[in-house]
Structure formats: structure tokens, C-alpha cells
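final_8.cif follows (mmCIF, C-alpha atoms):
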data_upload
#
loop_
_atom_site.group_PDB
_atom_site.id
_atom_site.type_symbol
_atom_site.label_atom_id
_atom_site.label_comp_id
_atom_site.auth_asym_id
_atom_site.auth_seq_id
_atom_site.Cartn_x
_atom_site.Cartn_y
_atom_site.Cartn_z
ATOM 1 C CA MET V 704 -15.431 3.258 -10.042
ATOM 2 C CA ASN V 705 -14.049 0.584 -12.383
ATOM 3 C CA ASP V 706 -15.577 -2.801 -13.127
ATOM 4 C CA LEU V 707 -13.381 -5.073 -11.013
ATOM 5 C CA TYR V 708 -13.491 -8.054 -13.369
ATOM 6 C CA LEU V 709 -12.436 -5.965 -16.369
ATOM 7 C CA LEU V 710 -9.819 -4.184 -14.285
ATOM 8 C CA GLU V 711 -8.284 -7.510 -13.270
ATOM 9 C CA GLN V 712 -8.096 -8.538 -16.933
ATOM 10 C CA GLN V 713 -6.402 -5.251 -17.832
ATOM 11 C CA MET V 714 -3.848 -5.676 -15.074
ATOM 12 C CA GLU V 715 -3.065 -9.187 -16.320
ATOM 13 C CA ASN V 716 -1.860 -7.563 -19.547
ATOM 14 C CA ARG V 717 0.389 -5.126 -17.663
ATOM 15 C CA LEU V 718 1.957 -7.242 -14.915
ATOM 16 C CA ASP V 719 4.148 -10.321 -14.966
ATOM 17 C CA SER V 720 2.837 -13.518 -13.391
ATOM 18 C CA TYR V 721 4.671 -12.976 -10.085
ATOM 19 C CA ARG V 722 3.367 -9.425 -9.630
ATOM 20 C CA MET V 723 -0.131 -10.442 -10.720
ATOM 21 C CA ALA V 724 -0.212 -13.251 -8.149
ATOM 22 C CA HIS V 725 0.773 -10.743 -5.474
ATOM 23 C CA THR V 726 -1.834 -8.270 -6.721
ATOM 24 C CA ARG V 727 -4.613 -10.860 -6.561
ATOM 25 C CA SER V 728 -3.499 -11.890 -3.098
ATOM 26 C CA VAL V 729 -3.566 -8.260 -1.918
ATOM 27 C CA ARG V 730 -7.071 -7.954 -3.396
ATOM 28 C CA ASP V 731 -8.200 -11.092 -1.555
ATOM 29 C CA GLU V 732 -6.624 -9.895 1.698
ATOM 30 C CA CYS V 733 -8.383 -6.543 1.253
ATOM 31 C CA LEU V 734 -11.699 -8.343 0.860
ATOM 32 C CA ARG V 735 -11.013 -10.327 4.017
ATOM 33 C CA LEU V 736 -10.160 -7.172 5.940
ATOM 34 C CA ALA V 737 -13.173 -5.327 4.502
ATOM 35 C CA ALA V 738 -15.464 -8.054 5.851
ATOM 36 C CA LEU V 739 -13.690 -8.006 9.221
ATOM 37 C CA PHE V 740 -14.097 -4.237 9.528
ATOM 38 C CA GLY V 741 -17.668 -4.210 8.209
ATOM 39 C CA LEU V 742 -17.031 -1.995 5.195
ATOM 40 C CA SER V 743 -19.953 -1.085 2.966
ATOM 41 C CA ALA V 744 -20.241 -2.673 -0.476
ATOM 42 C CA ARG V 745 -19.027 0.568 -2.071
ATOM 43 C CA ASP V 746 -15.988 0.925 0.196
ATOM 44 C CA THR V 747 -15.170 -2.757 -0.290
ATOM 45 C CA ALA V 748 -15.207 -2.243 -4.071
ATOM 46 C CA LEU V 749 -13.007 0.858 -3.750
ATOM 47 C CA LEU V 750 -10.523 -1.074 -1.632
ATOM 48 C CA ALA V 751 -10.469 -3.948 -4.130
ATOM 49 C CA GLU V 752 -9.891 -1.477 -6.965
ATOM 50 C CA ALA V 753 -6.980 0.071 -5.084
ATOM 51 C CA ALA V 754 -5.529 -3.399 -4.513
ATOM 52 C CA LEU V 755 -5.698 -4.297 -8.199
ATOM 53 C CA LEU V 756 -3.998 -1.039 -9.208
ATOM 54 C CA HIS V 757 -1.506 -0.556 -6.362
ATOM 55 C CA ASP V 758 1.558 -2.076 -8.085
ATOM 56 C CA SER V 759 0.754 -1.055 -11.652
ATOM 57 C CA THR V 760 4.119 0.706 -12.108
ATOM 58 C CA LYS V 761 6.221 -1.460 -9.781
ATOM 59 C CA ALA V 762 8.186 -3.088 -12.626
ATOM 60 C CA LEU V 763 9.335 0.239 -14.098
ATOM 61 C CA GLN V 764 12.960 1.245 -13.618
ATOM 62 C CA ILE V 765 13.751 4.330 -11.530
ATOM 63 C CA ALA V 766 14.526 6.385 -14.640
ATOM 64 C CA GLU V 767 11.234 5.314 -16.244
ATOM 65 C CA GLN V 768 9.306 6.269 -13.119
ATOM 66 C CA ALA V 769 11.039 9.639 -12.980
ATOM 67 C CA THR V 770 10.214 10.249 -16.649
ATOM 68 C CA MET V 771 6.609 9.232 -16.101
ATOM 69 C CA ALA V 772 6.348 11.592 -13.126
ATOM 70 C CA GLN V 773 7.791 14.438 -15.191
ATOM 71 C CA ILE V 774 5.336 13.825 -18.045
ATOM 72 C CA LEU V 775 2.437 13.842 -15.582
ATOM 73 C CA GLY V 776 3.653 17.000 -13.862
ATOM 74 C CA ILE V 777 4.578 15.280 -10.607
ATOM 75 C CA GLU V 778 7.535 16.832 -8.826
ATOM 76 C CA LEU V 779 9.590 14.119 -7.168
ATOM 77 C CA THR V 780 11.604 15.221 -4.149
ATOM 78 C CA ARG V 781 15.158 14.222 -3.325
ATOM 79 C CA ASP V 782 13.692 12.024 -0.581
ATOM 80 C CA ASP V 783 11.505 10.247 -3.154
ATOM 81 C CA LEU V 784 14.486 9.558 -5.413
ATOM 82 C CA ASP V 785 16.621 8.410 -2.467
ATOM 83 C CA SER V 786 13.927 5.841 -1.583
ATOM 84 C CA PRO V 787 13.262 4.228 -4.990
ATOM 85 C CA ALA V 788 11.115 1.447 -3.514
ATOM 86 C CA THR V 789 8.486 4.086 -2.744
ATOM 87 C CA LEU V 790 8.319 5.612 -6.244
ATOM 88 C CA HIS V 791 5.765 3.148 -7.595
ATOM 89 C CA ALA V 792 3.239 4.398 -5.041
ATOM 90 C CA ILE V 793 3.470 7.906 -6.494
ATOM 91 C CA THR V 794 3.471 6.877 -10.150
ATOM 92 C CA GLY V 795 0.933 4.106 -9.542
ATOM 93 C CA ALA V 796 -1.511 6.586 -8.044
ATOM 94 C CA ALA V 797 -1.002 8.849 -11.058
ATOM 95 C CA MET V 798 -1.550 5.972 -13.491
ATOM 96 C CA ALA V 799 -4.711 4.959 -11.647
ATOM 97 C CA ARG V 800 -6.005 8.509 -12.043
ATOM 98 C CA VAL V 801 -4.954 9.099 -15.647
ATOM 99 C CA ASP V 802 -5.358 5.683 -17.273
ATOM 100 C CA PHE V 803 -8.243 4.300 -15.213
ATOM 101 C CA GLU V 804 -9.997 7.422 -13.903
ATOM 102 C CA ALA V 805 -9.943 5.871 -10.437
ATOM 103 C CA PRO V 806 -11.767 7.723 -7.651
ATOM 104 C CA VAL V 807 -9.809 9.896 -5.225
ATOM 105 C CA ALA V 808 -10.186 7.351 -2.406
ATOM 106 C CA VAL V 809 -8.450 4.773 -4.596
ATOM 107 C CA THR V 810 -5.594 6.989 -5.775
ATOM 108 C CA ALA V 811 -5.030 8.306 -2.248
ATOM 109 C CA ALA V 812 -4.717 4.782 -0.835
ATOM 110 C CA ILE V 813 -2.281 3.777 -3.593
ATOM 111 C CA ALA V 814 -0.184 6.918 -3.051
ATOM 112 C CA CYS V 815 0.496 6.057 0.598
ATOM 113 C CA HIS V 816 0.692 2.270 0.480
ATOM 114 C CA THR V 817 4.489 2.221 0.923
ATOM 115 C CA THR V 818 5.240 5.109 3.299
ATOM 116 C CA GLY V 819 1.885 5.728 4.911
ATOM 117 C CA LYS V 820 0.877 9.297 5.663
ATOM 118 C CA GLU V 821 -0.473 11.353 8.517
ATOM 119 C CA ASN V 822 -4.169 10.861 9.275
ATOM 120 C CA MET V 823 -4.641 7.808 7.054
ATOM 121 C CA THR V 824 -8.219 6.809 6.261
ATOM 122 C CA LEU V 825 -9.439 3.298 6.983
ATOM 123 C CA LEU V 826 -9.095 2.435 3.287
ATOM 124 C CA ASP V 827 -5.512 3.740 3.308
ATOM 125 C CA LYS V 828 -4.670 1.624 6.334
ATOM 126 C CA LEU V 829 -6.287 -1.531 5.011
ATOM 127 C CA LEU V 830 -4.494 -1.382 1.653
ATOM 128 C CA PHE V 831 -1.187 -0.705 3.420
ATOM 129 C CA LEU V 832 -1.738 -3.666 5.748
ATOM 130 C CA ALA V 833 -2.995 -6.048 3.053
ATOM 131 C CA ASP V 834 0.067 -5.327 0.908
ATOM 132 C CA TYR V 835 2.309 -6.115 3.883
ATOM 133 C CA ILE V 836 0.636 -9.279 5.159
ATOM 134 C CA GLU V 837 -0.944 -11.001 2.141
ATOM 135 C CA PRO V 838 -0.167 -14.726 2.476
ATOM 136 C CA THR V 839 2.162 -15.146 -0.518
ATOM 137 C CA ARG V 840 4.677 -12.868 1.211
ATOM 138 C CA LYS V 841 7.061 -15.139 3.096
ATOM 139 C CA PHE V 842 9.618 -12.562 4.267
ATOM 140 C CA GLU V 843 10.242 -12.783 8.002
ATOM 141 C CA ASP V 844 9.005 -9.216 8.570
ATOM 142 C CA CYS V 845 5.751 -9.921 6.715
ATOM 143 C CA VAL V 846 5.185 -13.142 8.632
ATOM 144 C CA GLN V 847 5.776 -11.319 11.917
ATOM 145 C CA VAL V 848 3.307 -8.533 11.111
ATOM 146 C CA ARG V 849 0.719 -11.002 9.794
ATOM 147 C CA ARG V 850 0.990 -13.105 12.958
ATOM 148 C CA TYR V 851 0.747 -10.007 15.117
ATOM 149 C CA PHE V 852 -2.471 -8.837 13.465
ATOM 150 C CA TYR V 853 -4.262 -12.185 13.304
ATOM 151 C CA GLU V 854 -2.920 -13.799 16.482
ATOM 152 C CA VAL V 855 -0.926 -11.710 18.962
ATOM 153 C CA ALA V 856 -3.161 -8.615 18.918
ATOM 154 C CA SER V 857 -6.439 -10.404 18.196
ATOM 155 C CA ASP V 858 -7.890 -9.500 21.620
ATOM 156 C CA LEU V 859 -7.579 -5.763 20.978
ATOM 157 C CA PRO V 860 -10.520 -3.747 19.624
ATOM 158 C CA LEU V 861 -10.267 -3.694 15.818
ATOM 159 C CA GLU V 862 -9.203 -0.059 15.395
ATOM 160 C CA LYS V 863 -6.522 -0.349 18.089
ATOM 161 C CA ARG V 864 -5.396 -3.671 16.646
ATOM 162 C CA LEU V 865 -5.048 -2.103 13.197
ATOM 163 C CA ASP V 866 -3.105 0.914 14.442
ATOM 164 C CA ALA V 867 -0.838 -1.226 16.636
ATOM 165 C CA THR V 868 -0.080 -3.454 13.651
ATOM 166 C CA LEU V 869 0.722 -0.492 11.420
ATOM 167 C CA LEU V 870 3.018 0.891 14.111
ATOM 168 C CA LEU V 871 4.813 -2.448 14.246
ATOM 169 C CA SER V 872 5.225 -2.446 10.457
ATOM 170 C CA PHE V 873 6.633 1.092 10.484
ATOM 171 C CA ASP V 874 9.052 0.206 13.270
ATOM 172 C CA ILE V 875 10.236 -2.913 11.439
ATOM 173 C CA THR V 876 10.704 -0.978 8.184
ATOM 174 C CA ILE V 877 12.603 1.870 9.850
ATOM 175 C CA LYS V 878 14.803 -0.527 11.830
ATOM 176 C CA GLY V 879 15.606 -2.570 8.718
ATOM 177 C CA LEU V 880 16.556 0.482 6.659
ATOM 178 C CA PHE V 881 18.647 1.840 9.526
ATOM 179 C CA GLU V 882 20.539 -1.437 9.906
ATOM 180 C CA GLU V 883 21.194 -1.543 6.148
ATOM 181 C CA CYS V 884 22.429 2.084 6.145
ATOM 182 C CA ARG V 885 19.763 2.999 3.607
ATOM 183 C CA PRO V 886 17.806 6.262 3.505
ATOM 184 C CA ILE V 887 14.524 6.323 5.413
ATOM 185 C CA HIS V 888 11.825 8.316 3.656
ATOM 186 C CA PRO V 889 10.772 11.132 6.025
ATOM 187 C CA GLN V 890 7.116 10.374 5.277
ATOM 188 C CA THR V 891 7.507 6.963 6.897
ATOM 189 C CA ILE V 892 8.765 8.583 10.088
ATOM 190 C CA LYS V 893 6.008 11.214 10.003
ATOM 191 C CA SER V 894 3.393 8.510 9.484
ATOM 192 C CA ARG V 895 4.758 6.456 12.350
ATOM 193 C CA ASN V 896 4.915 9.438 14.711
ATOM 194 C CA PHE V 897 1.406 10.613 13.825
ATOM 195 C CA LEU V 898 -0.007 7.166 14.492
ATOM 196 C CA LEU V 899 1.911 6.857 17.745
ATOM 197 C CA LYS V 900 0.560 10.172 19.016
ATOM 198 C CA ASN V 901 -3.022 9.687 17.815
ATOM 199 C CA SER V 902 -3.882 6.033 18.360
#

What is this file in C-alpha cells?
Amino acid sequence: MNDLYLLEQQMENRLDSYRMAHTRSVRDECLRLAALFGLSARDTALLAEAALLHDSTKALQIAEQATMAQILGIELTRDDLDSPATLHAITGAAMARVDFEAPVAVTAAIACHTTGKENMTLLDKLLFLADYIEPTRKFEDCVQVRRYFYEVASDLPLEKRLDATLLLSFDITIKGLFEECRPIHPQTIKSRNFLLKNS
């Protein structure tokens, strides 16, 4: 596990000011969620580490991400390339592993923070949610999901509230991509369907 203070300093040297502000806000949202869900000190630190590293390759162009994946021996699928907004999750997880020797729990959470996956762990879910609802994100979809989690669904038991919020985020994402005639990554649909059947 990385020293979080040093990791934050390293990320400052890699990210522009806009992306770093988002990264810090995701980290802070993760800490808030960790306290809400009663995570241990170790799991809280792992979640914070994942937050600091989650967008480490976001600024790279598609061709750069594809090259990076090739160098690291990662086989990108046609679906990955057709959904370029999801590529940084794959390459970011690889960078976290190679450059920072991040634990598996951290790299796994980063790898699924855009599309989700079947049978997500609590850390996976919390990073996914924090990235979507952190308060600097003013997009209408983000505001809606944030309001749902903290207000509309606040009477639900925490686990059900979390799963219901993730389902809402998947539905909003899928609907938006459909309306824009853009490809929907199959993993997003699989993640949504798994959660729907198992929550």
C-alpha cells in the first residue's frame, strides 16, 4: 500500500489542475463514504489510494492508451476501442500496478470504475459511486445520482441504497449513450443486469 501523502504529490506532477481537483474530490468523497459504511482503516486507505490513482491515464489520447496497453501486454477488445471513455480504467489499473505497485484491491477497483463489473466488491462500488457523485461534478446526471443517494434513497438500508444508486447510474449512462447513438460497452450492461438480479 502506498503512502497517501506521497502518492498525492506524485499525482500532482502527472495531472493537470482540473483533473487533480477532481481526483482530490473523489478521494474526499471516498473517505466520506468509507466512514458512512464503516470501513476499516486499511480498507479506507485502499479506497483512498484507488481514488488518487483512478484517472492517472485519463488525459492520454486513444492511440497513446492503445500503445500503452500493447506495451503492457493488455489485449483491448473491439468493444473497448469503441468506448474510448472507458479505456483509462484499463490503462489506469495497469499503471497503478506497474508504476505504483498498488494492491490488487486497488487495481481491481480502478479497472471497473467506468463500466462496473459483475459481483463488484464494496470498494469497487464505492470508487465507482464517488467518481460519479463527487461535488465538483455539476453535470445533470451526476447531480441526479448524488441527490438520489444522499436524499431520495436515504431511508433505505445502506447496501440496498448503494445498489439502487448504482443501478440508477447504469440506467442513466445506458440511456444517454443510446440517445446519442453511441456504442454501449457490453460490460456496462452486464454489470447493470447482474446488480438488478442480485440486489

Hits of the PyMOL selection byres ((chain V and resi 777-780) around 12) in this structure, as a ChimeraX atom specification: /V:765-766,768-776,781-787,789-798,888-890

Sel. within 6 Å of pt (-6.0, 6.0, -1.2), counting all atoms listed in the file, output as number ranges by chain: V: 808-813, 827

Picked residues, the PyMOL selection byres ((chain V and resi 872-876) around 8), as a ChimeraX atom specification: /V:844,848,868-871,877-880,891-892,895

Target residues per the PyMOL selection byres ((chain V and resi 724) around 12), formatted as JSON, numbers by chain: {"V": [711, 714, 715, 718, 719, 720, 721, 722, 723, 725, 726, 727, 728, 729, 730, 731, 754, 755, 758, 837, 838, 839, 840]}

As JSON, what would the box around stretch 711-730 of chain V look like: edges along x, y and z, 4 Å added on every side, centre and edge lengths in Å to one decimal?
{"center_x": -1.8, "center_y": -9.3, "center_z": -10.7, "size_x": 21.0, "size_y": 16.4, "size_z": 25.6}

Å distance separating atom CA of V:Tyr708 from atom CA of V:Asp746, one decimal place: 16.5 Å

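Nearest-residue note for V:Ala748: choosing from V:Pro806, V:Ala762, V:Ala788, V:Pro886, the minimum distance belongs to V:Pro806, counting only C-alpha atoms.
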
Residue nearest V:Glu732 among V:Gln713, V:Ser894, V:Asn822, V:Thr747 (counting all atoms listed in the file): V:Thr747

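When only C-alpha atoms are used to measure the gap to V:Phe897, the shortest distance among V:Met823, V:Ala856, V:Leu707, V:Leu832 belongs to V:Met823.
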
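In this structure, atom CA of V:Phe740 sits 26.3 Å away from atom CA of V:Arg800.
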
Would you mind putting N, CA and C atoms back on stretch 763-779 of chain V and writing the result as a compact mmCIF listing (two decimals), in the coordinates of the input?
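Dumped everything to rebuild_30.txt:
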# COMPACT_ATOMS: atom_id res chain seq x y z
N LEU V 763 8.59 -0.79 -13.38
CA LEU V 763 9.34 0.24 -14.10
C LEU V 763 10.65 0.56 -13.40
N GLN V 764 11.68 0.83 -14.18
CA GLN V 764 12.96 1.25 -13.62
C GLN V 764 12.83 2.66 -13.03
N ILE V 765 13.79 3.02 -12.19
CA ILE V 765 13.75 4.33 -11.53
C ILE V 765 13.69 5.45 -12.57
N ALA V 766 14.50 5.34 -13.61
CA ALA V 766 14.53 6.38 -14.64
C ALA V 766 13.18 6.47 -15.35
N GLU V 767 12.55 5.33 -15.59
CA GLU V 767 11.23 5.31 -16.24
C GLU V 767 10.18 5.95 -15.34
N GLN V 768 10.27 5.68 -14.06
CA GLN V 768 9.31 6.27 -13.12
C GLN V 768 9.51 7.78 -13.04
N ALA V 769 10.76 8.20 -13.02
CA ALA V 769 11.04 9.64 -12.98
C ALA V 769 10.53 10.34 -14.23
N THR V 770 10.72 9.69 -15.39
CA THR V 770 10.21 10.25 -16.65
C THR V 770 8.70 10.32 -16.64
N MET V 771 8.07 9.26 -16.18
CA MET V 771 6.61 9.23 -16.10
C MET V 771 6.10 10.36 -15.20
N ALA V 772 6.75 10.53 -14.05
CA ALA V 772 6.35 11.59 -13.13
C ALA V 772 6.48 12.96 -13.79
N GLN V 773 7.57 13.15 -14.51
CA GLN V 773 7.79 14.44 -15.19
C GLN V 773 6.71 14.70 -16.23
N ILE V 774 6.37 13.68 -17.02
CA ILE V 774 5.34 13.82 -18.05
C ILE V 774 3.99 14.19 -17.42
N LEU V 775 3.71 13.61 -16.25
CA LEU V 775 2.44 13.84 -15.58
C LEU V 775 2.45 15.07 -14.68
N GLY V 776 3.58 15.78 -14.66
CA GLY V 776 3.65 17.00 -13.86
C GLY V 776 3.81 16.76 -12.37
N ILE V 777 4.36 15.61 -12.02
CA ILE V 777 4.58 15.28 -10.61
C ILE V 777 6.01 15.62 -10.25
N GLU V 778 6.19 16.44 -9.24
CA GLU V 778 7.54 16.83 -8.83
C GLU V 778 8.03 15.86 -7.75
N LEU V 779 9.00 15.05 -8.12
CA LEU V 779 9.59 14.12 -7.17
C LEU V 779 10.63 14.85 -6.33
